[in-house]
Amino acid sequence: MKKVKVLTAEEAAMLVKDGDTVATGGFVGSGNPESLTGALEKRFLETGKPEKLVLFHAAGQGNRDGSASDHFAHEGMLKRVIAGHYNMAPNLGQMIIDNKVEGYNLPQGVISQMYRDIAGHKIGTISHVGLNTYVDPRVEGGKLNAVTKEDIVELINIGGEERLLYKPVKIDVAFIRGSYADEAGNISLQREVTPLDAISMAQAARNSGGKVIVQVEKVVKAGTLDPKLVKIPGIYVDAVVVSKPEEHEQCVGCKYDPSLTGEVTAPEGASKPVALSAKKIIGRRAAMELREDSVVNLGIGVPEYISMVANEEGIGDYMTLTVEAGPVGGVPLGGAQFGASVNADCYLDQNYQFDFYDGGGIDLAFLGLAQADKDGNVNVSKFGPRIAGCGGFINITQNAKKVFFCGTFTAGGLKTSIKDGKLIIDNEGKEKKLINEVEQITFSGAYANKTNQPVMYITERAVFELRKDGVYLTEVAPGIDIKTQVIDQMGFEPKIDGEVKVMDERIFKDELMGLKK
């Protein structure tokens with residue numbers, strides 16, 4: 001038996017050369033190989049090496065605190081970054097905005113699937129995901145700034161149908177995080193909240209002639225790991241690094257929770273009713289769209305209220321919640337723990353989850369509403385000088401059987417109250433969210449119409465639907481004046497077909513709605 005090399009993080013960092021493409025694992029605050037990326041940053045700050053790296057990763061990585069992806073955010077260290085999300089790595093995003101590094105933002109699910117195609121030496125990753133959005137080369141080609149010139153996404157036609165070809169990336173080094181390694185380099189991920197893309201990343205780097213370096217909690221004797229728990233076989237692994245406990249938290253700032261890995265089942269506590277607010281109003285109206293036995297994806301933020309309302313109303317079991325990181329079932333978590341689920345039924349590899357999503361496996365998707373326009377387009381990825389990124393948004397919204405965008409009607413100071421079953425706007429938000437033209441097309445209304453996808457936009461005061469000829473105002477909250485409090489607060493005039501319905505009065509009463517009945 002050949003024993004795997006056990007290195008320090010500093011020794012592992014020395015294996016990265018100038019110009020290398022480094023792929024990193026992680027999902028927001030979970031699964032980040034902090035010992036490895038931190039050591040690489042330390043080496044660069046002390047020596048100026050390695051330089052002109054290419055950073056490649058699928059999900060957003062970090063906690064807006066200089067960790068994960070932001071370890072690479074130094075002038076000269078990076079030449080290019082190709083990633084699915086940037087919001088958790090603000091320093092990296094700022095470098096892109098300042099034209100100090102080439103930047104691309106591709107759909108998270110596509111990058112996740114690219115690892116498999118790179119491993120198999122495919123010509124590229126061919127997908128419908130991204131058509132008619134900013135990723136489409138006819139729009140922006142996924143490029144984020146003026147110094148980004150190379151076309152890495154190509155429009156092709158196969159069998160008379162348009163598709164996007166995402167060109168492969170040769171991976172020189174993969175930094176991955178596991179739980180345990182045995183002496184032969186076999187890696188288990190049993191204490192991680194989900195396996196993410198660990199096996200595909202390792203295969204992609206190995207078959208690219210690159211190095212696979214895995215950060216683990218400890219090394220155990222050969223033959224003591226359950227082979228059913230081994231996700232990365234030792235034949236893929238070049239070296240392992242035993243991390244410091246503080247650099248291997250299950251989620252950033254969180255102690256190890258076995259209910260996030262399936263080791264134990266957490267007791268189900270009775271949820272306390274959430275106070276009636278603009279966000280709960282949106283959650284209530286959206287929850288009315290739930291149907292029994294639905295497979296659902298909920299975005300973070302306002303869509304989280306849908307789960308709260310469903311549980312209050314006793315219909316939480318109407319839906320099986322899924323998270324793009326891989327968990328199926330259970331209760332998804334938010335914040336730094338986004339990507340993890342308590343009491344999940346299953347933990348899929350991330351790329352398998354996106355296979356299911358891309359093929360229309362989600363019945364209902366409830367995502368955030370940052371900006372929407374007259375053509376039904378939605379933007380959640382770029383706002384003026386701030387790059388958030390699309391994450392899994394494009395995969396999810398473009399392919400769900402029905403999609404609902406949920407958010408307050410305006411932003412920046414909106415205050416509301418309820419009086420006698422009517423919605424009162426106490427203070428209007430300064431920023432309009434329904435505008436004439438979005439800054440970036442993360443969701444394409446034209447593509448939705450082409451595929452006959454039902455689309456609804458739910459706010460606290462009005463509900464809209466996308467139809468073939470535009471966006472229609474279909475419902476308005478009791479107490480709201482359509483002219484002054486809806487149309488005048490928009491950047492375009494919605495279409496109206498006959499009479500606008502009043503939203504269900506039960507939504508605006510501080511008592512159970514009786515949705516189960």
# chains A, B, ... in the order shown; residues from 1 in each chain; ligands from 1
call {"tool": "select_by_dssp", "arguments": {"residues": "segment 147-364 of chain A", "states": "strand (DSSP E)", "output": "ChimeraX atom specification"}}
result
/A:153-158,161-166,173-177,180-182,187-188,211-216,218-220,230-232,239-242,294-298,319-322,327-328,331-332,341-342,346-347,364
call {"tool": "residues_around", "arguments": {"residues": "Tyr236 of chain A", "least_positions_apart": "5", "cutoff": "9 Å", "atoms": "only C-alpha atoms", "output": "list in words"}}
result
Gly185, Asn186, Ile199, Ala202, Gln203, Ala205, Arg206, Lys211 and Val212 of chain A
call {"tool": "residues_around", "arguments": {"residues": "segment 483-486 of chain A", "least_positions_apart": "2", "cutoff": "12 Å", "atoms": "only C-alpha atoms", "output": "PyMOL selection string"}}
result
chain A and resi 408-410+423-429+432-434+459-464+473-481+488-494+500
call {"tool": "closest_residue", "arguments": {"among": "A:Ser341, A:Asn395, A:Asn87, A:Gln353", "to": "Ala365 of chain A", "atoms": "only C-alpha atoms"}}
result
A:Asn395
call {"tool": "closest_residue", "arguments": {"among": "A:Gly130, A:Gly210, A:Gly62, A:Gly93", "to": "Lys17 of chain A", "atoms": "only C-alpha atoms"}}
result
A:Gly210
call {"tool": "residues_around", "arguments": {"residues": "Ile111 of chain A", "least_positions_apart": "2", "cutoff": "8 Å", "atoms": "only C-alpha atoms", "output": "PyMOL selection string"}}
result
chain A and resi 57-58+83-84+106-109+113-115
call {"tool": "write_last_selection", "arguments": {"atoms": "N, CA, C and O atoms", "output": "mmCIF file, in the first residue's frame"}}
result
data_model
loop_
_atom_site.group_PDB
_atom_site.id
_atom_site.type_symbol
_atom_site.label_atom_id
_atom_site.label_comp_id
_atom_site.auth_asym_id
_atom_site.auth_seq_id
_atom_site.Cartn_x
_atom_site.Cartn_y
_atom_site.Cartn_z
ATOM 1 N N HIS A 57 -14.396 28.327 -9.131
ATOM 2 C CA HIS A 57 -15.257 27.643 -8.154
ATOM 3 C C HIS A 57 -16.729 27.857 -8.487
ATOM 4 O O HIS A 57 -17.106 28.819 -9.156
ATOM 5 N N ALA A 58 -17.565 26.934 -7.983
ATOM 6 C CA ALA A 58 -18.978 26.926 -8.362
ATOM 7 C C ALA A 58 -19.820 27.835 -7.482
ATOM 8 O O ALA A 58 -20.394 28.822 -7.954
ATOM 9 N N ALA A 83 -16.393 32.221 -11.464
ATOM 10 C CA ALA A 83 -17.117 31.767 -10.282
ATOM 11 C C ALA A 83 -18.618 31.917 -10.470
ATOM 12 O O ALA A 83 -19.092 32.647 -11.348
ATOM 13 N N GLY A 84 -19.355 31.236 -9.590
ATOM 14 C CA GLY A 84 -20.809 31.286 -9.657
ATOM 15 C C GLY A 84 -21.422 32.384 -8.825
ATOM 16 O O GLY A 84 -22.538 32.817 -9.096
ATOM 17 N N LEU A 106 -20.612 32.676 -14.086
ATOM 18 C CA LEU A 106 -21.368 31.646 -14.778
ATOM 19 C C LEU A 106 -22.343 31.000 -13.803
ATOM 20 O O LEU A 106 -22.142 31.038 -12.587
ATOM 21 N N PRO A 107 -23.401 30.373 -14.306
ATOM 22 C CA PRO A 107 -24.345 29.707 -13.402
ATOM 23 C C PRO A 107 -23.652 28.656 -12.541
ATOM 24 O O PRO A 107 -22.843 27.860 -13.035
ATOM 25 N N GLN A 108 -23.988 28.666 -11.274
ATOM 26 C CA GLN A 108 -23.365 27.748 -10.321
ATOM 27 C C GLN A 108 -23.509 26.287 -10.756
ATOM 28 O O GLN A 108 -22.563 25.505 -10.675
ATOM 29 N N GLY A 109 -24.702 25.929 -11.204
ATOM 30 C CA GLY A 109 -24.933 24.548 -11.618
ATOM 31 C C GLY A 109 -24.114 24.151 -12.826
ATOM 32 O O GLY A 109 -23.673 23.000 -12.941
ATOM 33 N N GLN A 113 -21.346 21.152 -12.991
ATOM 34 C CA GLN A 113 -21.376 20.094 -14.010
ATOM 35 C C GLN A 113 -20.123 20.104 -14.879
ATOM 36 O O GLN A 113 -19.729 19.068 -15.417
ATOM 37 N N MET A 114 -19.483 21.265 -14.998
ATOM 38 C CA MET A 114 -18.253 21.346 -15.790
ATOM 39 C C MET A 114 -17.161 20.440 -15.234
ATOM 40 O O MET A 114 -16.366 19.883 -15.990
ATOM 41 N N TYR A 115 -17.108 20.293 -13.903
ATOM 42 C CA TYR A 115 -16.076 19.428 -13.317
ATOM 43 C C TYR A 115 -16.128 18.023 -13.914
ATOM 44 O O TYR A 115 -15.098 17.423 -14.232
#
call {"tool": "residues_around", "arguments": {"residues": "Met1 of chain A", "least_positions_apart": "3", "cutoff": "12 Å", "atoms": "only C-alpha atoms", "output": "VMD selection string"}}
result
chain A and resid 4 182 to 186 221 to 223 234 to 235
call {"tool": "write_last_selection", "arguments": {"atoms": "C-alpha atoms", "output": "short mmCIF file (atom, residue, chain, number, x, y, z; two decimals), in the first residue's frame"}}
result
data_model
loop_
_atom_site.label_atom_id
_atom_site.label_comp_id
_atom_site.auth_asym_id
_atom_site.auth_seq_id
_atom_site.Cartn_x
_atom_site.Cartn_y
_atom_site.Cartn_z
CA VAL A 4 -0.42 9.37 0.96
CA ASP A 182 -6.80 7.15 5.86
CA GLU A 183 -3.12 6.40 5.33
CA ALA A 184 -3.77 5.51 1.69
CA GLY A 185 -5.42 8.86 1.00
CA ASN A 186 -9.02 7.66 0.87
CA LYS A 221 -5.28 3.92 9.97
CA ALA A 222 -5.70 2.34 6.53
CA GLY A 223 -8.75 0.12 6.26
CA GLY A 234 -6.80 7.56 -2.58
CA ILE A 235 -5.77 7.06 -6.22
#
call {"tool": "residues_around", "arguments": {"residues": "Gln94 of chain A", "least_positions_apart": "5", "cutoff": "12 Å", "atoms": "only C-alpha atoms", "output": "ChimeraX atom specification"}}
result
/A:70,73-75,86-89,99-103,144-145,384-388
call {"tool": "write_last_selection", "arguments": {"atoms": "all heavy atoms", "output": "compact mmCIF listing (two decimals), in the first residue's frame"}}
result
# COMPACT_ATOMS: atom_id res chain seq x y z
N ASP A 70 -11.94 35.25 -0.72
CA ASP A 70 -11.26 36.53 -0.51
C ASP A 70 -9.78 36.36 -0.12
O ASP A 70 -9.03 37.34 -0.11
CB ASP A 70 -11.99 37.36 0.55
CG ASP A 70 -12.89 38.41 -0.08
OD1 ASP A 70 -12.81 38.60 -1.31
OD2 ASP A 70 -13.68 39.05 0.64
N ALA A 73 -7.87 37.68 -3.01
CA ALA A 73 -8.16 39.05 -3.44
C ALA A 73 -6.97 39.98 -3.22
O ALA A 73 -7.03 40.92 -2.40
CB ALA A 73 -9.40 39.57 -2.73
N HIS A 74 -5.88 39.74 -3.95
CA HIS A 74 -4.70 40.58 -3.86
C HIS A 74 -4.18 40.85 -5.27
O HIS A 74 -4.09 39.94 -6.09
CB HIS A 74 -3.61 39.91 -3.02
CG HIS A 74 -4.04 39.61 -1.62
ND1 HIS A 74 -4.17 40.59 -0.66
CD2 HIS A 74 -4.40 38.44 -1.02
CE1 HIS A 74 -4.59 40.04 0.47
NE2 HIS A 74 -4.73 38.74 0.28
N GLU A 75 -3.85 42.12 -5.51
CA GLU A 75 -3.35 42.50 -6.83
C GLU A 75 -2.07 41.73 -7.14
O GLU A 75 -1.15 41.65 -6.33
CB GLU A 75 -3.05 44.00 -6.83
CG GLU A 75 -3.74 44.72 -7.98
CD GLU A 75 -3.51 46.21 -7.97
OE1 GLU A 75 -3.78 46.83 -6.93
OE2 GLU A 75 -3.06 46.73 -9.01
N TYR A 86 -20.41 35.90 -5.92
CA TYR A 86 -19.37 36.77 -5.35
C TYR A 86 -19.79 37.49 -4.08
O TYR A 86 -18.98 38.14 -3.44
CB TYR A 86 -18.96 37.83 -6.38
CG TYR A 86 -18.20 37.28 -7.56
CD1 TYR A 86 -18.86 36.91 -8.73
CD2 TYR A 86 -16.82 37.10 -7.51
CE1 TYR A 86 -18.18 36.40 -9.82
CE2 TYR A 86 -16.12 36.60 -8.59
CZ TYR A 86 -16.80 36.25 -9.75
OH TYR A 86 -16.10 35.73 -10.82
N ASN A 87 -21.04 37.38 -3.69
CA ASN A 87 -21.54 38.23 -2.62
C ASN A 87 -20.84 37.99 -1.29
O ASN A 87 -20.76 38.89 -0.45
CB ASN A 87 -23.05 38.01 -2.45
CG ASN A 87 -23.72 39.18 -1.75
OD1 ASN A 87 -23.39 40.33 -2.01
ND2 ASN A 87 -24.66 38.89 -0.87
N MET A 88 -20.33 36.77 -1.06
CA MET A 88 -19.67 36.46 0.21
C MET A 88 -18.18 36.78 0.17
O MET A 88 -17.47 36.55 1.15
CB MET A 88 -19.89 34.99 0.57
CG MET A 88 -21.35 34.57 0.58
SD MET A 88 -22.42 35.69 1.52
CE MET A 88 -21.89 35.34 3.19
N ALA A 89 -17.70 37.27 -0.97
CA ALA A 89 -16.28 37.64 -1.11
C ALA A 89 -16.21 39.06 -1.68
O ALA A 89 -15.85 39.27 -2.84
CB ALA A 89 -15.56 36.66 -2.02
N ASN A 99 -11.39 46.61 -12.30
CA ASN A 99 -10.65 46.13 -13.49
C ASN A 99 -9.22 45.68 -13.15
O ASN A 99 -8.30 45.78 -13.97
CB ASN A 99 -10.59 47.22 -14.58
CG ASN A 99 -11.91 47.34 -15.32
OD1 ASN A 99 -12.43 46.35 -15.84
ND2 ASN A 99 -12.46 48.53 -15.36
N LYS A 100 -9.03 45.15 -11.94
CA LYS A 100 -7.72 44.66 -11.53
C LYS A 100 -7.54 43.17 -11.81
O LYS A 100 -6.45 42.63 -11.62
CB LYS A 100 -7.48 44.95 -10.05
CG LYS A 100 -7.36 46.45 -9.76
CD LYS A 100 -7.15 46.71 -8.28
CE LYS A 100 -6.99 48.21 -8.02
NZ LYS A 100 -6.83 48.49 -6.56
N VAL A 101 -8.61 42.53 -12.21
CA VAL A 101 -8.57 41.09 -12.51
C VAL A 101 -9.70 40.79 -13.49
O VAL A 101 -10.75 41.45 -13.48
CB VAL A 101 -8.74 40.26 -11.21
CG1 VAL A 101 -10.07 40.53 -10.54
CG2 VAL A 101 -8.58 38.78 -11.48
N GLU A 102 -9.48 39.84 -14.38
CA GLU A 102 -10.54 39.41 -15.29
C GLU A 102 -11.60 38.65 -14.49
O GLU A 102 -11.26 37.87 -13.60
CB GLU A 102 -9.98 38.49 -16.37
CG GLU A 102 -8.96 39.14 -17.29
CD GLU A 102 -8.32 38.13 -18.23
OE1 GLU A 102 -8.87 37.03 -18.39
OE2 GLU A 102 -7.25 38.44 -18.78
N GLY A 103 -12.86 38.89 -14.80
CA GLY A 103 -13.92 38.25 -14.02
C GLY A 103 -15.05 37.71 -14.87
O GLY A 103 -15.52 38.38 -15.80
N LEU A 144 -17.63 40.34 -16.67
CA LEU A 144 -18.02 41.27 -15.62
C LEU A 144 -17.35 42.63 -15.69
O LEU A 144 -17.73 43.54 -14.96
CB LEU A 144 -17.73 40.65 -14.25
CG LEU A 144 -18.56 39.41 -13.89
CD1 LEU A 144 -18.10 38.84 -12.55
CD2 LEU A 144 -20.05 39.74 -13.85
N ASN A 145 -16.33 42.80 -16.55
CA ASN A 145 -15.68 44.11 -16.61
C ASN A 145 -14.98 44.31 -17.96
O ASN A 145 -14.98 43.42 -18.82
CB ASN A 145 -14.69 44.29 -15.45
CG ASN A 145 -13.59 43.24 -15.44
OD1 ASN A 145 -13.31 42.59 -16.44
ND2 ASN A 145 -12.94 43.09 -14.29
N GLY A 384 -25.37 48.33 -10.03
CA GLY A 384 -24.42 49.42 -10.08
C GLY A 384 -23.01 48.89 -9.89
O GLY A 384 -22.56 48.00 -10.60
N PRO A 385 -22.29 49.38 -8.87
CA PRO A 385 -20.92 48.94 -8.65
C PRO A 385 -20.80 47.64 -7.85
O PRO A 385 -19.69 47.21 -7.55
CB PRO A 385 -20.31 50.11 -7.87
CG PRO A 385 -21.46 50.65 -7.09
CD PRO A 385 -22.67 50.49 -7.97
N ARG A 386 -21.92 47.02 -7.49
CA ARG A 386 -21.84 45.81 -6.66
C ARG A 386 -22.14 44.56 -7.47
O ARG A 386 -23.16 44.47 -8.14
CB ARG A 386 -22.81 45.90 -5.47
CG ARG A 386 -22.67 44.73 -4.50
CD ARG A 386 -23.48 44.97 -3.24
NE ARG A 386 -24.90 44.78 -3.46
CZ ARG A 386 -25.52 43.59 -3.40
NH1 ARG A 386 -24.82 42.50 -3.15
NH2 ARG A 386 -26.81 43.51 -3.57
N ILE A 387 -21.21 43.59 -7.39
CA ILE A 387 -21.41 42.31 -8.07
C ILE A 387 -21.83 41.28 -7.03
O ILE A 387 -21.08 40.98 -6.10
CB ILE A 387 -20.11 41.83 -8.76
CG1 ILE A 387 -19.70 42.82 -9.85
CG2 ILE A 387 -20.29 40.44 -9.35
CD1 ILE A 387 -18.34 42.53 -10.44
N ALA A 388 -23.04 40.78 -7.17
CA ALA A 388 -23.52 39.71 -6.27
C ALA A 388 -23.26 38.35 -6.91
O ALA A 388 -22.78 37.43 -6.27
CB ALA A 388 -25.00 39.89 -5.98
call {"tool": "closest_residue", "arguments": {"among": "A:Lys52, A:Lys255, A:Lys79, A:Lys382", "to": "Gly142 of chain A", "atoms": "only C-alpha atoms"}}
result
A:Lys382
call {"tool": "atom_distance", "arguments": {"atom1": "atom CA of Ile306 of chain A", "atom2": "atom CA of Gly368 of chain A"}}
result
11.7 Å
call {"tool": "closest_residue", "arguments": {"among": "A:Leu298, A:Val309, A:Ile441, A:Ala411", "to": "Ile362 of chain A", "atoms": "only C-alpha atoms"}}
result
A:Leu298
call {"tool": "residues_around", "arguments": {"residues": "Pro137 of chain A", "least_positions_apart": "4", "cutoff": "7 Å", "atoms": "only C-alpha atoms", "output": "list in words"}}
result
Gly141, Val153, Glu154 and Leu155 of chain A
call {"tool": "write_last_selection", "arguments": {"atoms": "C-alpha atoms", "output": "short mmCIF file (atom, residue, chain, number, x, y, z; two decimals), in the first residue's frame"}}
result
data_model
loop_
_atom_site.label_atom_id
_atom_site.label_comp_id
_atom_site.auth_asym_id
_atom_site.auth_seq_id
_atom_site.Cartn_x
_atom_site.Cartn_y
_atom_site.Cartn_z
CA GLY A 141 -21.18 36.35 -22.27
CA VAL A 153 -19.22 30.79 -23.60
CA GLU A 154 -20.26 30.05 -27.18
CA LEU A 155 -23.71 29.91 -28.75
#
call {"tool": "select_by_dssp", "arguments": {"residues": "segment 37-109 of chain A", "states": "helix (DSSP H, G or I)", "output": "PyMOL selection string"}}
result
chain A and resi 37-47+68-72+90-97+108-109
call {"tool": "atom_distance", "arguments": {"atom1": "atom CA of Glu41 of chain A", "atom2": "atom CA of Val237 of chain A"}}
result
22.3 Å
call {"tool": "closest_residue", "arguments": {"among": "A:Leu348, A:Met288, A:Ile126, A:Ala146", "to": "Leu196 of chain A", "atoms": "only C-alpha atoms"}}
result
A:Leu348
call {"tool": "closest_residue", "arguments": {"among": "A:Val323, A:Ile97, A:Val54, A:Ala370", "to": "Ala340 of chain A", "atoms": "only C-alpha atoms"}}
result
A:Val323
call {"tool": "atom_distance", "arguments": {"atom1": "atom CA of Leu369 of chain A", "atom2": "atom CA of Gly283 of chain A"}}
result
12.7 Å
